[in-house]
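Colleague: Sharing model_39.cif below, mmCIF, C-alpha atoms:
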```
data_my_file
loop_
_atom_site.label_atom_id
_atom_site.label_comp_id
_atom_site.auth_asym_id
_atom_site.auth_seq_id
_atom_site.Cartn_x
_atom_site.Cartn_y
_atom_site.Cartn_z
CA MET A 762 84.75 113.38 116.40
CA ALA A 763 86.15 116.83 115.71
CA LYS A 764 89.29 116.86 113.67
CA LEU A 765 92.38 117.35 115.78
CA THR A 766 94.76 120.09 114.68
CA LEU A 767 98.54 119.84 114.75
CA ASN A 768 98.47 122.21 117.75
CA ASP A 769 96.11 119.85 119.58
CA LEU A 770 98.58 117.12 118.79
CA ARG A 771 101.49 119.11 120.24
CA LYS A 772 99.51 119.66 123.45
CA LEU A 773 98.65 115.97 123.73
CA ARG A 774 102.29 115.14 123.18
CA ASP A 775 103.41 117.54 125.94
CA GLU A 776 100.89 116.07 128.37
CA LYS A 777 101.99 112.57 127.51
CA GLN A 778 105.66 113.47 127.92
CA LYS A 779 105.02 114.63 131.48
CA THR A 780 103.59 111.24 132.40
CA MET A 781 106.22 109.46 130.33
CA ALA A 782 109.03 111.07 132.29
CA LYS A 783 107.73 109.50 135.50
CA ARG A 784 107.69 105.99 134.08
CA ASP A 785 110.41 103.41 133.99
CA PRO A 786 112.19 103.79 130.67
CA SER A 787 113.66 100.27 130.78
CA HIS A 788 111.95 99.25 127.57
CA LYS A 789 113.91 101.90 125.74
CA ASP A 790 115.92 100.59 122.82
CA ALA A 791 113.57 97.71 122.15
CA GLN A 792 112.47 97.59 118.54
CA ILE A 793 109.56 95.81 116.90
CA ILE A 794 109.71 95.60 113.12
CA VAL A 795 106.71 94.42 111.12
CA GLY A 796 107.25 93.04 107.61
CA MET A 797 105.01 94.84 105.13
CA GLY A 798 105.87 93.53 101.72
CA THR A 799 103.07 92.45 99.40
CA CYS A 800 103.07 89.13 101.27
CA GLY A 801 102.78 90.72 104.70
CA ILE A 802 100.05 93.11 103.61
CA ALA A 803 98.01 90.28 102.11
CA ALA A 804 98.38 88.21 105.28
CA GLY A 805 97.10 90.99 107.54
CA ALA A 806 100.27 92.68 108.79
CA LYS A 807 98.37 95.95 109.17
CA GLU A 808 96.12 94.42 111.83
CA THR A 809 99.20 93.05 113.57
CA PHE A 810 100.90 96.45 113.48
CA ASN A 811 97.77 98.11 114.92
CA ALA A 812 97.41 95.56 117.67
CA ILE A 813 101.05 95.99 118.73
CA ILE A 814 100.75 99.79 118.96
CA ASP A 815 97.44 99.50 120.76
CA GLU A 816 98.79 97.01 123.29
CA LEU A 817 101.95 99.02 123.97
CA ASP A 818 99.81 102.09 124.54
CA ALA A 819 97.40 100.18 126.78
CA LYS A 820 100.32 98.97 128.92
CA GLY A 821 101.76 102.47 129.12
CA ILE A 822 104.93 101.48 127.28
CA THR A 823 106.07 104.62 125.54
CA HIS A 824 109.58 104.09 124.27
CA VAL A 825 109.53 100.95 122.15
CA LEU A 826 110.31 101.74 118.54
CA VAL A 827 107.82 100.23 116.15
CA ARG A 828 108.68 100.24 112.48
CA GLN A 829 107.64 98.66 109.25
CA THR A 830 109.92 97.14 106.69
CA GLY A 831 109.56 95.31 103.39
CA CYS A 832 109.58 91.58 102.77
CA MET A 833 111.91 89.58 105.04
CA GLY A 834 111.75 86.63 102.67
CA LEU A 835 109.59 84.46 104.88
CA CYS A 836 106.49 84.90 102.73
CA HIS A 837 105.17 81.50 103.80
CA SER A 838 104.95 82.65 107.42
CA GLU A 839 103.51 86.13 107.12
CA PRO A 840 102.84 88.29 108.96
CA THR A 841 106.41 88.32 110.28
CA VAL A 842 107.66 90.45 113.14
CA GLU A 843 111.27 90.99 114.17
CA VAL A 844 111.92 91.87 117.80
CA ILE A 845 115.19 93.36 119.00
CA ALA A 846 115.19 93.80 122.76
CA PRO A 847 118.16 94.51 125.04
CA ASN A 848 119.72 91.34 126.51
CA MET A 849 117.52 89.11 124.37
CA PRO A 850 118.30 87.22 121.17
CA VAL A 851 117.05 88.88 117.99
CA VAL A 852 113.97 86.91 117.01
CA ILE A 853 111.77 86.82 113.95
CA TYR A 854 108.29 85.60 114.71
CA GLY A 855 106.07 84.17 111.98
CA ASN A 856 102.32 83.87 111.55
CA VAL A 857 101.83 86.81 113.87
CA ASP A 858 98.16 87.72 113.85
CA ALA A 859 96.82 90.55 116.02
CA GLU A 860 96.51 88.31 119.09
CA THR A 861 100.06 86.99 118.74
CA GLY A 862 101.21 90.59 118.30
CA ARG A 863 99.69 91.43 121.69
CA GLN A 864 101.34 88.32 123.13
CA ILE A 865 104.73 89.52 121.87
CA VAL A 866 104.22 92.74 123.82
CA HIS A 867 103.32 90.85 127.00
CA ALA A 868 105.88 88.06 126.78
CA HIS A 869 108.86 89.39 124.86
CA ILE A 870 108.83 93.11 125.65
CA ILE A 871 107.46 93.04 129.21
CA GLY A 872 108.18 89.49 130.39
CA LYS A 873 111.54 88.99 128.61
CA THR A 874 110.50 85.52 127.47
CA LEU A 875 110.05 84.22 123.94
CA VAL A 876 106.68 83.45 122.40
CA ASP A 877 106.55 79.73 121.67
CA ASN A 878 105.45 78.25 118.35
CA HIS A 879 106.04 81.40 116.35
CA ILE A 880 109.83 81.60 116.21
CA CYS A 881 111.09 81.65 112.64
CA ASP A 882 114.80 82.30 112.97
CA LYS A 883 116.54 84.92 110.88
CA PRO A 884 115.58 86.46 107.52
CA ALA A 885 115.67 84.17 104.50
CA MET A 886 119.19 83.72 103.12
CA ASP A 887 118.41 85.24 99.74
CA ILE A 888 117.17 88.52 101.12
CA VAL A 889 119.56 91.45 100.94
CA ARG A 890 119.21 93.62 104.00
CA MET B 1429 87.97 86.56 91.96
CA ILE B 1430 89.53 86.11 95.35
CA PRO B 1431 91.19 89.42 96.12
CA VAL B 1432 94.56 88.84 97.70
CA HIS B 1433 94.50 92.49 98.61
CA ALA B 1434 91.20 92.77 100.41
CA THR B 1435 91.03 96.55 100.62
CA VAL B 1436 92.08 99.54 98.55
CA CYS B 1437 94.35 100.46 101.45
CA ASP B 1438 96.27 97.21 100.99
CA THR B 1439 97.01 98.28 97.43
CA LEU B 1440 98.01 101.76 98.59
CA ALA B 1441 100.34 100.28 101.21
CA ASP B 1442 101.97 98.17 98.54
CA LEU B 1443 102.47 101.10 96.17
CA VAL B 1444 103.86 103.47 98.79
CA GLN B 1445 106.19 100.76 100.01
CA ASN B 1446 107.45 100.43 96.44
CA SER B 1447 108.16 104.17 96.44
CA ILE B 1448 110.08 103.93 99.70
CA GLU B 1449 112.09 101.01 98.36
CA ALA B 1450 112.79 103.03 95.22
CA GLY B 1451 114.60 105.56 97.40
CA ALA B 1452 112.03 108.35 97.09
CA SER B 1453 112.49 111.37 99.35
CA ARG B 1454 109.05 112.72 98.54
CA ILE B 1455 105.91 110.66 98.04
CA GLU B 1456 102.52 112.18 97.32
CA LEU B 1457 99.47 110.08 98.02
CA ASP B 1458 96.13 111.40 96.80
CA VAL B 1459 93.02 109.48 97.78
CA TYR B 1460 89.53 110.40 96.62
CA THR B 1461 86.36 108.53 97.49
CA GLY B 1462 83.02 109.56 96.08
CA PRO B 1463 79.66 108.01 95.33
CA ASP B 1464 80.78 106.81 91.91
CA ALA B 1465 84.51 106.36 92.06
CA ILE B 1466 87.52 105.60 94.18
CA ARG B 1467 90.62 107.26 92.81
CA ALA B 1468 94.19 107.28 94.02
CA ARG B 1469 97.54 108.52 92.86
CA VAL B 1470 100.97 107.71 94.27
CA ALA B 1471 103.70 109.96 92.89
CA ASP B 1472 107.30 109.58 93.99
CA ASN B 1473 110.69 111.02 93.09
CA GLY B 1474 112.46 107.69 93.49
CA LYS B 1475 114.80 106.04 91.07
CA GLY B 1476 112.12 105.33 88.47
CA MET B 1477 112.05 102.61 85.83
CA ASP B 1478 112.93 102.51 82.16
CA ARG B 1479 110.39 101.23 79.67
CA GLU B 1480 111.66 97.67 79.79
CA THR B 1481 111.68 97.48 83.61
CA LEU B 1482 108.19 98.96 83.73
CA ARG B 1483 106.96 96.36 81.28
CA LYS B 1484 108.44 93.62 83.45
CA ALA B 1485 107.06 95.13 86.67
CA LYS B 1486 103.57 94.35 85.39
CA ASP B 1487 104.53 90.67 85.15
CA PRO B 1488 103.78 88.75 88.39
CA PHE B 1489 106.80 86.54 87.76
CA TYR B 1490 109.27 89.39 87.87
CA SER B 1491 110.86 91.09 90.83
CA GLU B 1492 113.72 93.50 90.99
CA SER B 1493 116.87 91.40 91.25
CA GLY B 1494 118.52 93.41 94.03
CA LYS B 1495 116.08 92.40 96.70
CA HIS B 1496 115.26 88.78 95.96
CA SER B 1497 118.19 87.55 93.97
CA ARG B 1498 116.75 84.12 93.24
CA ARG B 1499 113.04 84.77 93.44
CA ARG B 1500 110.83 85.15 90.46
CA VAL B 1501 107.73 86.68 91.85
CA GLY B 1502 106.63 90.28 92.37
CA LEU B 1503 102.96 90.86 92.90
CA GLY B 1504 102.47 94.52 93.79
CA LEU B 1505 101.60 96.08 90.43
CA PRO B 1506 100.10 92.90 88.94
CA LEU B 1507 97.58 92.78 91.80
CA LEU B 1508 96.60 96.37 91.07
CA TYR B 1509 96.07 95.64 87.38
CA GLN B 1510 94.11 92.53 88.21
CA THR B 1511 91.78 94.43 90.53
CA ALA B 1512 91.35 97.31 88.07
CA GLU B 1513 90.41 94.88 85.34
CA ALA B 1514 87.98 93.03 87.58
CA VAL B 1515 86.04 96.14 88.61
CA ASN B 1516 85.82 98.07 85.34
CA GLY B 1517 88.50 100.39 86.57
CA LYS B 1518 91.77 101.57 85.18
CA ALA B 1519 95.35 101.65 86.35
CA ASP B 1520 98.28 103.45 84.86
CA VAL B 1521 101.97 103.72 85.71
CA GLN B 1522 104.26 106.43 84.38
CA SER B 1523 107.92 106.24 85.16
CA ALA B 1524 111.22 107.77 84.13
CA PRO B 1525 114.66 106.68 85.34
CA GLY B 1526 116.11 109.16 87.78
CA LYS B 1527 112.86 111.13 87.99
CA GLY B 1528 110.36 108.90 89.70
CA THR B 1529 107.19 106.94 89.26
CA THR B 1530 103.52 107.88 89.33
CA VAL B 1531 100.83 105.26 89.73
CA PHE B 1532 97.20 106.18 89.20
CA PHE B 1533 94.12 104.06 89.50
CA GLU B 1534 90.37 104.49 89.49
CA PHE B 1535 87.78 101.93 90.51
CA ASP B 1536 84.03 102.01 89.98
CA ALA B 1537 82.72 102.54 93.52
CA ASN B 1538 79.54 100.61 92.72
CA HIS B 1539 81.02 97.54 91.11
CA ILE B 1540 80.29 94.51 93.22
CA ASP B 1541 83.93 93.39 93.20
CA THR B 1542 85.40 96.75 94.14
CA PRO B 1543 87.25 96.27 97.42
CA PRO B 1544 86.25 98.48 100.35
CA LEU B 1545 88.55 101.39 101.12
CA GLY B 1546 89.82 99.78 104.33
CA ASP B 1547 91.47 101.44 107.28
CA LEU B 1548 93.22 104.48 105.83
CA PRO B 1549 94.49 105.97 109.14
CA ALA B 1550 96.11 102.68 110.16
CA THR B 1551 97.60 102.21 106.71
CA LEU B 1552 99.00 105.69 106.66
CA LEU B 1553 100.39 105.38 110.17
CA GLY B 1554 102.25 102.24 109.18
CA LEU B 1555 103.58 103.85 106.02
CA MET B 1556 105.11 106.63 108.09
CA THR B 1557 107.28 104.25 110.08
CA PHE B 1558 109.67 102.92 107.46
CA GLU B 1559 113.31 103.79 107.87
CA GLY B 1560 114.66 106.79 106.03
CA ALA B 1561 114.05 110.50 105.63
CA TYR B 1562 111.25 110.43 103.06
CA ASP B 1563 108.26 112.72 103.27
CA LEU B 1564 104.85 111.22 102.67
CA ILE B 1565 102.12 113.72 101.90
CA LEU B 1566 98.51 112.59 101.97
CA LYS B 1567 95.87 114.61 100.16
CA ARG B 1568 92.49 113.15 101.03
CA GLU B 1569 89.36 114.24 99.25
CA THR B 1570 85.66 113.48 99.20
CA PRO B 1571 83.16 115.45 97.07
CA LYS B 1572 82.53 117.84 100.00
CA ASP B 1573 85.57 117.78 102.20
CA GLY B 1574 89.17 116.83 102.58
CA TYR B 1575 92.37 117.15 104.56
CA LYS B 1576 96.08 117.12 104.06
CA VAL B 1577 98.70 115.68 106.34
CA SER B 1578 102.34 114.84 105.93
CA ARG B 1579 104.93 112.75 107.68
CA GLY B 1580 107.06 115.88 108.05
CA GLU B 1581 104.30 117.78 109.89
CA LEU B 1582 103.61 114.88 112.23
CA ALA B 1583 107.30 114.42 112.99
CA ASP B 1584 107.56 118.15 113.64
CA ALA B 1585 104.68 118.00 116.12
CA LEU B 1586 105.60 114.71 117.80
CA GLY B 1587 109.30 114.00 117.38
CA ASN B 1588 110.33 110.46 116.57
CA LEU B 1589 107.33 108.93 114.83
CA THR B 1590 108.36 105.35 115.50
CA GLU B 1591 108.22 105.68 119.30
CA SER B 1592 105.22 103.79 120.55
CA ALA B 1593 103.75 106.72 122.51
CA ASN B 1594 103.99 108.99 119.48
CA LEU B 1595 102.53 106.34 117.21
CA ALA B 1596 99.47 106.09 119.41
CA LEU B 1597 99.00 109.88 119.24
CA ALA B 1598 99.62 110.04 115.51
CA GLY B 1599 97.09 107.24 115.06
CA ALA B 1600 94.46 109.18 117.03
CA PHE B 1601 95.20 112.27 114.96
CA LEU B 1602 94.82 110.45 111.65
CA ARG B 1603 91.62 108.74 112.78
CA SER B 1604 90.13 112.07 113.82
CA GLN B 1605 90.82 113.47 110.34
CA GLU B 1606 89.15 110.55 108.62
CA GLN B 1607 86.20 110.31 111.00
CA GLY B 1608 85.58 114.05 110.76
CA LEU B 1609 85.25 113.89 106.97
CA MET B 1610 82.01 114.98 105.38
CA TYR B 1611 80.77 113.12 102.35
#
```
Give the structure from the file, written as structure tokens.

Modeller:
Amino acid sequence: MAKLTLNDLRKLRDEKQKTMAKRDPSHKDAQIIVGMGTCGIAAGAKETFNAIIDELDAKGITHVLVRQTGCMGLCHSEPTVEVIAPNMPVVIYGNVDAETGRQIVHAHIIGKTLVDNHICDKPAMDIVR
Amino acid sequence: MIPVHATVCDTLADLVQNSIEAGASRIELDVYTGPDAIRARVADNGKGMDRETLRKAKDPFYSESGKHSRRRVGLGLPLLYQTAEAVNGKADVQSAPGKGTTVFFEFDANHIDTPPLGDLPATLLGLMTFEGAYDLILKRETPKDGYKVSRGELADALGNLTESANLALAGAFLRSQEQGLMY
């Protein structure tokens, strides 16, 4: 593959924005935050992060904000993923492997339903946020 | 040895995350891979550590009190030292309060326990999505080739880097840099 230049990237971005403008922006303001402390990294949070971006892109969802953060204190349940979506409770999911990450995109972001068996509640009490 | 951090990129992710948490506004990440050695350097202008804190940071049963007030475990740097020791490599941390921290390590590329490099584009992409206005500048080198890319440049070309559409593009960009590398 030839290396893309920053100008190539700008062009790709402009093309994508044209198609983005036509799409329903109702997912705007949703946020997906992946915990990437030492614990998350060791448990495979990078694969989870990749899978989420890949799935959002595959479904043509352009406006969800995907971020990383440090340890959320739930080291026993890594990888952890916090999802903040409009009109939905804020949820932290635990043990989110790549497949569960894709499921979060389908169920939580698109379907507005929670993903069973992975709900962990809020960050650990001793974590300063 | 069972490596908790299975790839060199896992270690890099840990170190850069430390820099972000230390409030750095500028983080340089140099990564070299050659036939004999894997070398990396993470240099930040974050809050830095005094000699005593640095000594404790190498202890797996120490973590900065602000983040985990009652926890007594912090594995980032200890894992790096453990890996360096296991693969005939070296690791070094220089730090000064108020100035920043520089971590350097070198692994023997041919040692049987040296972890593979891992997925550098994916690691880098993730490291660009933490909150805050830091710049992260990657300098990637092989014996014959190399590239440079920074969070600032990508944000300038794409806008908000955490938007899913932009992340997908930035990921493709970073992968094209790495796949186009000559060794």

Colleague: For the structure provided, state which residues fall under the PyMOL selection byres ((chain A) within 8 of (chain B)), and present them as a tab-separated table (two decimals) with C-alpha atoms, keeping the file's coordinate frame.

Modeller:
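Result written to out03.tsv:
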```
chain	number	residue	atom	x	y	z
A	762	MET	CA	84.75	113.38	116.40
A	763	ALA	CA	86.15	116.83	115.71
A	764	LYS	CA	89.29	116.86	113.67
A	765	LEU	CA	92.38	117.35	115.78
A	766	THR	CA	94.76	120.09	114.68
A	767	LEU	CA	98.54	119.84	114.75
A	768	ASN	CA	98.47	122.21	117.75
A	770	LEU	CA	98.58	117.12	118.79
A	771	ARG	CA	101.49	119.11	120.24
A	773	LEU	CA	98.65	115.97	123.73
A	774	ARG	CA	102.29	115.14	123.18
A	777	LYS	CA	101.99	112.57	127.51
A	797	MET	CA	105.01	94.84	105.13
A	798	GLY	CA	105.87	93.53	101.72
A	799	THR	CA	103.07	92.45	99.40
A	802	ILE	CA	100.05	93.11	103.61
A	803	ALA	CA	98.01	90.28	102.11
A	807	LYS	CA	98.37	95.95	109.17
A	810	PHE	CA	100.90	96.45	113.48
A	811	ASN	CA	97.77	98.11	114.92
A	814	ILE	CA	100.75	99.79	118.96
A	815	ASP	CA	97.44	99.50	120.76
A	817	LEU	CA	101.95	99.02	123.97
A	818	ASP	CA	99.81	102.09	124.54
A	822	ILE	CA	104.93	101.48	127.28
A	823	THR	CA	106.07	104.62	125.54
A	824	HIS	CA	109.58	104.09	124.27
A	825	VAL	CA	109.53	100.95	122.15
A	826	LEU	CA	110.31	101.74	118.54
A	827	VAL	CA	107.82	100.23	116.15
A	828	ARG	CA	108.68	100.24	112.48
A	829	GLN	CA	107.64	98.66	109.25
A	830	THR	CA	109.92	97.14	106.69
A	831	GLY	CA	109.56	95.31	103.39
A	834	GLY	CA	111.75	86.63	102.67
A	887	ASP	CA	118.41	85.24	99.74
A	888	ILE	CA	117.17	88.52	101.12
A	889	VAL	CA	119.56	91.45	100.94
```

Colleague: Once the PyMOL selection byres ((chain B and resi 1473-1480) around 8) has been evaluated on this model, what residues remain selected, and can you format them as a list in words?

Modeller: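 Taken over the shown coordinates, the PyMOL selection byres ((chain B and resi 1473-1480) around 8) returns Ser1447, Ile1448, Ala1450, Gly1451, Ala1452, Ser1453, Arg1454, Ile1455, Ala1471, Asp1472, Thr1481, Leu1482, Arg1483, Lys1484, Ser1523, Ala1524, Pro1525, Gly1526, Lys1527, Gly1528 and Thr1529 of chain B.
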
Colleague: From the set A:Cys881, A:Ala791, A:Cys832, A:Val876, which residue has the shortest atom-to-atom contact distance to Asn848 (chain A), counting all atoms listed in the file?

Modeller: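 For Asn848 (chain A), the nearest of the given residues is A:Ala791.
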
Colleague: Which is closer to Met1610 (chain B) than all the others in B:Gln1522, B:Thr1570, B:Ser1578, B:Thr1542, using all atoms listed in the file?

Modeller: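 Between B:Gln1522, B:Thr1570, B:Ser1578, B:Thr1542, the residue approaching Met1610 (chain B) most closely is B:Thr1570.
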
Colleague: Any idea what the distance is between CA of Asp769 (chain A) and CA of Leu1566 (chain B)?

Modeller: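 Interatomic distance here is 19.2 Å.
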
Colleague: Pull out every residue that the PyMOL selection byres ((chain A and resi 862-872) around 8) matches in the shown coordinates and put them as an MDAnalysis selection string.

Modeller: chainID A and resid 788 791 809:810 812:813 816:817 846 857:861 873:876

Colleague: Could you check how far CA of Asp882 (chain A) sits from CA of Met849 (chain A), in Å to one decimal?

Modeller: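 Calculated distance between CA of Asp882 (chain A) and CA of Met849 (chain A) is 13.6 Å.
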
Colleague: Enter the distance from CA of Pro1543 (chain B) to CA of Ser1491 (chain B), in Å, rounded to one decimal.

Modeller: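 Result for CA of Pro1543 (chain B) versus CA of Ser1491 (chain B): 25.1 Å, one decimal.
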
Colleague: Dig up all the protein and nucleic acid residues within 6 Å of (95.5, 109.6, 93.1) in the file frame, using all atoms listed in the file, and format them as a VMD selection string.

Modeller: chain B and resid 1458 to 1459 1467 to 1470 1532

Colleague: If you keep C-alpha atoms, can you produce a file of those selected residues as a compact mmCIF listing (two decimals), in the frame of the given file?

Modeller:
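Result file part14.txt:
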```txt
# COMPACT_ATOMS: atom_id res chain seq x y z
CA ASP B 1458 96.13 111.40 96.80
CA VAL B 1459 93.02 109.48 97.78
CA ARG B 1467 90.62 107.26 92.81
CA ALA B 1468 94.19 107.28 94.02
CA ARG B 1469 97.54 108.52 92.86
CA VAL B 1470 100.97 107.71 94.27
CA PHE B 1532 97.20 106.18 89.20
```

Colleague: Can you tell me, as a list of chain:residue names, which residues sit within 10 Å of (109.3, 90.9, 108.5) in the file's frame, using all atoms listed in the file?

Modeller: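 It turns out the residues near that spot are A:Ile793, A:Ile794, A:Val795, A:Gly796, A:Met797, A:Gly798, A:Cys800, A:Gly801, A:Ala806, A:Gln829, A:Thr830, A:Gly831, A:Cys832, A:Met833, A:Gly834, A:Leu835, A:Cys836, A:Ser838, A:Glu839, A:Pro840, A:Thr841, A:Val842, A:Glu843, A:Val844, A:Ile853, A:Tyr854, A:Gly855, A:Lys883, A:Pro884.
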
Colleague: Find, counting only C-alpha atoms, the residue in A:Ile845, A:Asp790, A:Thr780, A:His837 that gets nearest to Ala804 (chain A).

Modeller: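 Among the listed residues, A:His837 lies closest to Ala804 (chain A).
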